[in-house]
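Trainee: Before anything else, here's the structure in question.
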Amino acid sequence: MIEPAARPALAAKARLRYDRASGGYLLLYPERGLALNATATSILKLCNGELTVDGIVEQLQREYTGRTTPELQQEVVGFLEEMARRGLLRMSGAAG
Amino acid sequence: MTAAPRPYTLVAELTYACPLHCLYCSNPADFARRHDALDAEAWRRVLREAEQIGVVQVNLTGGEPLLRPDLEALIEEARALDLYTNLITSGIPLERERLERFRRLGLDNVQVSIQDARPQESDRIAGSEAFERKLRVARWVKELGFPLTVNTVLHRENLDRIGEVIALAEELKADRLELANAQYLGWALLNRAALLPTAAQLERARPVAAAARARLEGRMEVVFVLPDYYAEFPPPCMDGWGRQFMVVSPDGLLLPCLLAHTLPGLSFGNVRERSVGELWAGSPGMEAFRGEAWMPEPCRSCARRSVDYGGCRCQAFHLTGNAGATDPACSLSPEHDKVLSARAEAAGARQGMVSFRYREARPGAS
């Protein structure tokens, strides 16, 4: 479970890379890579270890005006949990 | 001829030289006849040309890549190209200062091979006193802030200690653990009688790996790879011939896998003579088993042909004499009996009673 006050950052093994061929971003890690859609890219770019999950949702809200905050919250948390399961995120403590 | 797919990963085999003598080495059995032909400038060009046609990851491997004094220059070039750069090493010979330099130059990940969780057994497989030095290197990797992959090749002698290997990887704080059963090609095929585990061993090991994978989820990625000989269907070898992976061998051949140049009758071009893009798209060897047109039955009409791409061409050649046959590891192959008899042999063999050959360069040997 990811707490709203957690501050996610990319794990040491994961790196975002712009992909000329597709015009999108890839998340690269040992022996693997994920092609990210626009929303996933926006979320991961905000995973800087400083913003909280709530902070990330707040930032995204400016970009994705068509969605309600609870919708966006649910989408962000679901995506971050999936990334964390794959070991691609680390969480700084809520107080940090 | 259809348009070539986009390659994602370059496996750069910088040299076949290695201080270790592992009896399942993935280098060709005739490695000693092949010579390092690419200098740093040539390798830098290979990296640039590979990136131009879509490659985003590079594995710097060998042999032992640390034996190349120009490894720094290649890491630097890979970083400049924004490639995800993985060093695949035995950890020998390496000083902490050099590893620090790799860090500054932008190396992304370090994979250290550990042959067994126990020092004596590990050194016996490596044919060298290497275990303690490897652990030291693995600790430096983490201390310097790199992600660490631990790779352990599994076989009949260490498979029952898979739990100890997992514990060691945890102690080293590995980010990824590859529990990769040997595949029986090259040196491992020469030593198959000594290495192939029994079905019972695999049945014991599998749940141990699965439990570790679940328990360590999010902390350490645990990958368990079966030997093809015990799979019902073959895995997609290299994700398909010439589909996503390209290998450049120390002698400069652009290949679809580590051993394709040991298949007779295939001609792969050399990166000294032509560009990576040209060779990827159109060398006769790369074209030979790309797509589905080459497939015989039962592959040709099989629903799994787009999942496993017919399996491993090298395995097909070594077991049937025909690189274009269905992989005999597949339970649907008409020559699956070749694999079944190897399993039966493993079941009947007595532990520790089989002789084996260390990887070595023998004068006059091919």
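Here's how to read the names in the structure tokens: chain A, B, ... by the order shown, residue numbers from 1 in each chain, ligand numbers from 1 in the order shown.
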Excluding Arg32 of chain A and any residue of its chain fewer than 6 positions from it, enumerate the residues within 10 Å of it, using only C-alpha atoms, and give them as a tab-separated table (two decimals) with C-alpha atoms, in the first residue's frame.
Mentor:
chain	number	residue	atom	x	y	z
A	14	ALA	CA	15.43	2.56	-13.32
B	8	TYR	CA	16.36	-2.84	-28.42
B	9	THR	CA	19.41	-4.47	-26.87
B	57	GLN	CA	20.30	-0.95	-23.79
B	84	TYR	CA	21.16	1.95	-20.41
Trainee: Pick out the chain B residues within 8 Å of chain A. Count only C-alpha atoms. Give them as a ChimeraX atom specification.
Mentor: /B:54,57,82,84,86,108-109,145-147,175,217-221
Trainee: Give me, as a ChimeraX atom specification, all polymer residues having an atom no more than 9 Å from Arg101 of chain B, counting only C-alpha atoms and skipping those fewer than 5 positions away in the same chain.
Mentor: /B:72,96,106
Trainee: Based on the selection just made, write C-alpha atoms of those residues as a PDB file, in the first residue's frame.
Mentor:
ATOM      1  CA  GLU B  72      36.087   3.169 -19.648  1.00  0.00           C
ATOM      2  CA  ARG B  96      37.457  -0.360  -6.140  1.00  0.00           C
ATOM      3  CA  GLY B 106      27.664   6.795 -15.975  1.00  0.00           C
TER       4      GLY B 106
END
Trainee: If we count only C-alpha atoms and set the cut-off at 10 Å, which residues sit around Glu360 of chain B, ignoring sequence neighbours fewer than 4 positions away in its own chain? Please answer as a list of chain:residue names.
Mentor: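 Near neighbours after the sequence-gap exclusion: B:Ala17, B:Cys18, B:Pro19, B:Leu20, B:His21, B:Cys22, B:Leu23, B:Ala29, B:Asp30, B:Phe31, B:Ala32, B:Gly127, B:Trp187, B:Ala365.
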Trainee: Tell me, as a PyMOL selection string, which residues lie within 10 Å of Asn37 of chain A, counting only C-alpha atoms; anything in the same chain fewer than 3 positions away does not count.
Mentor: chain A and resi 24-26+34+40-42
Trainee: Determine, counting only C-alpha atoms, which protein, DNA and RNA residues have an atom within 9 Å of an atom of Leu44 of chain A; residues of the same chain fewer than 4 positions away are not included. Present the result as a VMD selection string.
Mentor: chain A and resid 8 to 10 16 39 to 40 48 80
Trainee: Can you spit out the residues from that selection as a CSV table (one decimal), in the first residue's frame, using C-alpha atoms?
Mentor:
chain,number,residue,atom,x,y,z
A,8,PRO,CA,8.1,8.2,-4.5
A,9,ALA,CA,11.3,8.4,-6.5
A,10,LEU,CA,12.6,6.1,-9.3
A,16,LEU,CA,13.7,7.4,-18.0
A,39,THR,CA,0.0,9.7,-18.3
A,40,ALA,CA,2.6,7.3,-17.0
A,48,ASN,CA,11.5,13.0,-7.6
A,80,LEU,CA,2.6,3.7,-8.5
